[in-house]
$ cat final_8.cif   # mmCIF, C-alpha atoms
data_upload
loop_
_atom_site.label_atom_id
_atom_site.label_comp_id
_atom_site.auth_asym_id
_atom_site.auth_seq_id
_atom_site.Cartn_x
_atom_site.Cartn_y
_atom_site.Cartn_z
CA MET A 448 95.53 61.32 91.22
CA PHE A 449 97.04 63.32 88.38
CA ILE A 450 99.03 66.39 89.43
CA TYR A 451 99.39 69.48 87.23
CA SER A 452 102.58 70.73 88.84
CA LYS A 453 102.87 74.49 89.24
CA GLY A 454 105.78 76.07 91.06
CA VAL A 455 105.25 78.90 93.54
CA PHE A 456 107.32 82.07 93.35
CA CYS A 457 106.76 83.68 96.74
CA LEU A 458 107.85 87.18 97.72
CA GLU A 459 107.30 87.86 101.41
CA SER A 460 107.80 90.92 103.55
CA GLU A 461 108.10 91.26 107.30
CA TRP A 462 104.79 90.71 109.07
CA PHE A 463 105.10 91.59 112.74
CA GLY A 464 108.45 93.28 113.37
CA LEU A 465 112.05 92.18 113.80
CA ARG A 466 111.42 90.03 116.86
CA SER A 467 108.87 87.89 115.03
CA SER A 468 109.87 84.90 112.91
CA THR A 469 106.39 84.62 111.35
CA SER A 470 106.72 83.47 107.75
CA VAL A 471 104.90 81.45 105.10
CA LEU A 472 108.14 79.56 104.44
CA PRO A 473 107.20 76.56 106.66
CA ALA A 474 103.89 76.30 104.74
CA LEU A 475 105.80 76.18 101.46
CA ARG A 476 108.17 73.53 102.83
CA LEU A 477 105.20 71.42 103.91
CA LEU A 478 103.74 71.67 100.40
CA GLN A 479 107.10 70.70 98.93
CA ASP A 480 107.41 67.69 101.25
CA SER A 481 103.83 66.56 100.55
CA ASP A 482 102.70 64.06 97.92
CA TYR A 483 102.28 67.03 95.58
CA LYS A 484 106.01 67.96 95.68
CA VAL A 485 105.23 71.65 95.10
CA GLN A 486 108.41 73.39 94.02
CA PHE A 487 108.94 76.91 95.26
CA ILE A 488 111.25 79.90 95.34
CA HIS A 489 110.91 82.12 98.40
CA ARG A 490 112.56 85.51 98.85
CA ASP A 491 112.23 88.09 101.59
CA VAL A 492 111.63 91.64 100.41
CA ALA A 493 112.06 94.67 102.65
CA THR A 494 111.82 97.47 100.10
CA ARG A 495 109.91 98.32 96.97
CA ALA A 496 113.19 98.13 95.02
CA GLU A 497 113.69 94.53 96.20
CA LEU A 498 110.12 93.68 95.23
CA GLU A 499 110.67 95.04 91.71
CA HIS A 500 114.04 93.25 91.48
CA TYR A 501 112.55 89.84 92.29
CA LEU A 502 109.54 90.38 90.05
CA ARG A 503 111.99 90.88 87.18
CA LYS A 504 113.71 87.62 88.19
CA TRP A 505 110.35 85.85 87.98
CA PHE A 506 110.19 86.76 84.28
CA LEU A 507 113.40 84.86 83.44
CA ASN A 508 113.02 81.77 81.26
CA LYS A 509 114.55 79.54 83.94
CA HIS A 510 111.58 80.36 86.19
CA THR A 511 108.91 79.51 83.60
CA ASN A 512 107.66 76.59 85.71
CA TYR A 513 106.87 78.86 88.66
CA GLU A 514 103.44 79.82 87.39
CA ILE A 515 102.05 81.02 90.72
CA LEU A 516 103.17 84.37 92.12
CA TRP A 517 102.34 84.62 95.82
CA LEU A 518 102.78 88.15 97.16
CA ALA A 519 102.79 87.47 100.89
CA MET A 520 102.91 90.91 102.45
CA HIS A 521 100.89 93.60 104.13
CA THR A 522 98.51 95.31 101.76
CA ARG A 523 95.72 97.79 101.70
CA LYS A 524 93.07 98.38 99.06
CA GLY A 525 95.05 98.12 95.82
CA ILE A 526 98.38 98.87 97.55
CA LEU A 527 101.34 96.61 98.38
CA LEU A 528 103.40 97.49 101.45
CA PRO A 529 106.70 95.62 101.09
CA GLY A 530 108.75 97.99 103.22
CA ASP A 531 108.36 100.74 105.77
CA VAL A 532 104.63 101.48 105.67
CA ARG A 533 105.27 105.05 106.88
CA ARG A 534 107.21 105.91 103.71
CA HIS A 535 105.17 106.80 100.64
CA ASP A 536 108.01 105.83 98.28
CA GLU A 537 108.02 102.26 99.65
CA LYS A 538 104.39 101.59 98.68
CA MET A 539 103.42 100.11 95.34
CA ASN A 540 99.90 100.74 94.10
CA PHE A 541 97.99 98.63 91.59
CA ASP A 542 98.88 100.95 88.70
CA GLN A 543 102.60 100.68 89.47
CA LEU A 544 102.44 96.90 89.87
CA GLU A 545 100.52 96.65 86.60
CA GLU A 546 103.26 98.64 84.87
CA VAL A 547 105.97 96.27 86.17
CA LEU A 548 104.00 93.16 85.16
CA ALA A 549 102.51 94.48 81.90
CA GLY A 550 102.43 91.80 79.22
CA ARG A 551 104.70 89.48 81.24
CA CYS A 552 102.26 87.16 83.01
CA ALA A 553 100.78 85.00 80.23
CA GLY A 554 99.94 81.60 81.69
CA LYS A 555 100.55 82.83 85.24
CA ILE A 556 98.48 83.16 88.41
CA ILE A 557 98.89 86.07 90.84
CA HIS A 558 97.77 85.68 94.44
CA PHE A 559 97.80 88.51 96.99
CA GLY A 560 98.21 87.26 100.55
CA GLY A 561 97.47 90.50 102.40
CA CYS A 562 94.37 92.22 103.72
CA ASN A 563 91.88 94.06 101.51
CA THR A 564 94.05 93.97 98.37
CA LEU A 565 91.23 93.21 95.95
CA SER A 566 88.70 95.65 97.42
CA LEU A 567 88.65 97.29 94.02
CA PRO A 568 85.99 97.74 91.33
CA PRO A 569 85.73 94.62 89.12
CA ALA A 570 86.51 96.77 86.07
CA ARG A 571 89.87 97.73 87.61
CA ILE A 572 90.75 94.09 88.19
CA ARG A 573 89.73 93.19 84.62
CA LYS A 574 92.03 95.96 83.37
CA PHE A 575 94.88 94.53 85.48
CA LEU A 576 94.29 91.03 84.08
CA LYS A 577 94.19 92.32 80.51
CA ALA A 578 97.33 94.45 80.91
CA THR A 579 99.40 91.76 82.64
CA ARG A 580 97.88 88.86 80.63
CA ALA A 581 97.68 86.80 83.86
CA LYS A 582 95.24 83.87 83.82
CA SER A 583 93.86 84.83 87.22
CA VAL A 584 94.29 87.10 90.19
CA SER A 585 93.13 86.22 93.69
CA GLY A 586 93.16 87.61 97.18
CA PHE A 587 91.08 88.95 100.03
CA CYS A 588 88.70 91.88 100.35
CA SER A 589 88.72 92.09 104.15
CA GLU A 590 91.06 92.11 107.14
CA VAL A 591 92.29 88.55 107.63
CA ASP A 592 93.92 86.64 110.46
CA TRP A 593 97.45 85.68 109.42
CA THR A 594 97.30 82.05 110.54
CA GLU A 595 93.81 81.40 109.20
CA SER A 596 94.58 83.01 105.85
CA THR A 597 97.84 81.06 105.49
CA LEU A 598 96.08 77.75 106.15
CA PHE A 599 93.45 78.76 103.61
CA GLU A 600 96.17 79.61 101.08
CA MET A 601 97.78 76.19 101.56
CA THR A 602 94.49 74.58 100.53
CA PHE A 603 94.27 76.98 97.58
CA LEU A 604 97.80 76.14 96.41
CA LEU A 605 97.06 72.41 96.65
CA GLU A 606 93.83 72.77 94.67
CA LEU A 607 95.78 74.61 91.96
CA GLN A 608 98.02 71.53 91.65
CA LYS A 609 95.00 69.33 90.89
CA ARG A 610 93.73 71.24 87.86
CA PRO A 611 95.18 72.32 84.52
CA LEU A 612 96.03 75.98 84.03
CA THR A 613 92.99 76.60 81.83
CA THR A 614 89.89 78.72 82.33
CA LYS A 615 87.90 75.56 83.02
CA GLY A 616 90.52 74.29 85.46
CA LEU A 617 90.71 77.58 87.34
CA ARG A 618 86.92 77.83 87.54
CA SER A 619 86.97 74.38 89.09
CA VAL A 620 89.52 75.54 91.67
CA ARG A 621 87.37 78.56 92.52
CA ASN A 622 84.24 76.42 92.88
CA THR A 623 86.09 73.84 94.99
CA MET A 624 87.37 76.52 97.36
CA LYS A 625 83.84 77.86 97.78
CA ARG A 626 82.63 74.35 98.54
CA LEU A 627 85.49 73.18 100.80
CA ARG A 628 86.10 76.49 102.59
CA THR A 629 82.68 78.12 102.43
CA THR A 630 82.92 79.95 105.74
CA GLU A 631 86.46 81.22 105.14
CA CYS A 632 85.63 82.36 101.60
CA ARG A 633 82.73 84.37 102.97
CA GLU A 634 84.42 85.78 106.09
CA MET A 635 87.72 86.65 104.38
CA LYS A 636 85.90 87.76 101.23
CA PHE A 637 88.17 85.65 99.05
CA LEU A 638 87.95 86.48 95.35
CA MET A 639 89.44 84.76 92.33
CA HIS A 640 89.06 86.70 89.07
CA LEU A 641 89.75 84.95 85.77
CA ARG A 642 90.79 86.53 82.51
CA GLY A 643 88.13 85.73 79.89
#
$ encode --input "final_8.cif" --output "structure tokens"
Amino acid sequence: MFIYSKGVFCLESEWFGLRSSTSVLPALRLLQDSDYKVQFIHRDVATRAELEHYLRKWFLNKHTNYEILWLAMHTRKGILLPGDVRRHDEKMNFDQLEEVLAGRCAGKIIHFGGCNTLSLPPARIRKFLKATRAKSVSGFCSEVDWTESTLFEMTFLLELQKRPLTTKGLRSVRNTMKRLRTTECREMKFLMHLRG
């Protein structure tokens, strides 16, 4: 089987408090140790400033081969919550994220790993894709169970390794996910939008 290697640049925030060690890092290590040898960079972010800092690092030429950005953190409709969810200044809405990523994501894929992130009008998501120049954006439009969504995302990341980073290839990934994970796609309201 031919593999179209794509590295994963994962930014993860705390999920369930200081006493919890819950993390997507073991999932990334499993993908790296698999036949697919998925390379990854994983960083913990606890503030909006840290999130912006690592997003800027993702733009560096030495990280060109990390085409998949996985934002593994609590979210709400169009809002990232990397830090203290009680503080307004720690939230990052879709407009603010778009401003940080504007024009910098050509040939890249952005995946949101939190709940309800893409519960937005399709026109808003198209605007985000056009502004950032990302090839695709994906995520969930419902509340999701952490373990179930992480297992789903592992399948998604593997399917991305099997296809070229083209519109046709990404459509094939989307169709395969609907076929292989029909129930999860429906229950978690998984969406994958492609830039035309």
$ residues_around --input "final_8.cif" --residues "Asn563 in chain A" --least-positions-apart "5" --cutoff "7 Å" --atoms "only C-alpha atoms" --output "list in words"
Thr522, Arg523, Lys524, Phe587, Cys588, Ser589 and Glu590 of chain A
$ write_last_selection --input "final_8.cif" --atoms "C-alpha atoms" --output "compact mmCIF listing (two decimals), keeping the file's coordinate frame"
# COMPACT_ATOMS: atom_id res chain seq x y z
CA THR A 522 98.51 95.31 101.76
CA ARG A 523 95.72 97.79 101.70
CA LYS A 524 93.07 98.38 99.06
CA PHE A 587 91.08 88.95 100.03
CA CYS A 588 88.70 91.88 100.35
CA SER A 589 88.72 92.09 104.15
CA GLU A 590 91.06 92.11 107.14
$ residues_around --input "final_8.cif" --residues "range 494-507 of chain A" --least-positions-apart "3" --cutoff "8 Å" --atoms "all atoms listed in the file" --output "list in words"
Phe456, Leu458, Arg490, His510, Thr511, Tyr513, Leu528, Pro529, Gly530, Asp531, Asp536, Glu537, Lys538, Met539, Val547, Leu548 and Arg551 of chain A
$ closest_residue --input "final_8.cif" --among "A:Leu641, A:Ala474, A:Val492, A:Val485" --to "Phe599 in chain A" --atoms "all atoms listed in the file"
A:Ala474
$ atom_distance --input "final_8.cif" --atom1 "CA of His640 in chain A" --atom2 "CA of Met520 in chain A"
19.7 Å
$ resolve_selection --input "final_8.cif" --expression "the PyMOL selection byres ((chain A and resi 636) around 10)" --output "list in words"
Cys562, Asn563, Leu565, Ser566, Gly586, Phe587, Cys588, Ser589, Glu590, Val591, Thr630, Glu631, Cys632, Arg633, Glu634, Met635, Phe637 and Leu638 of chain A
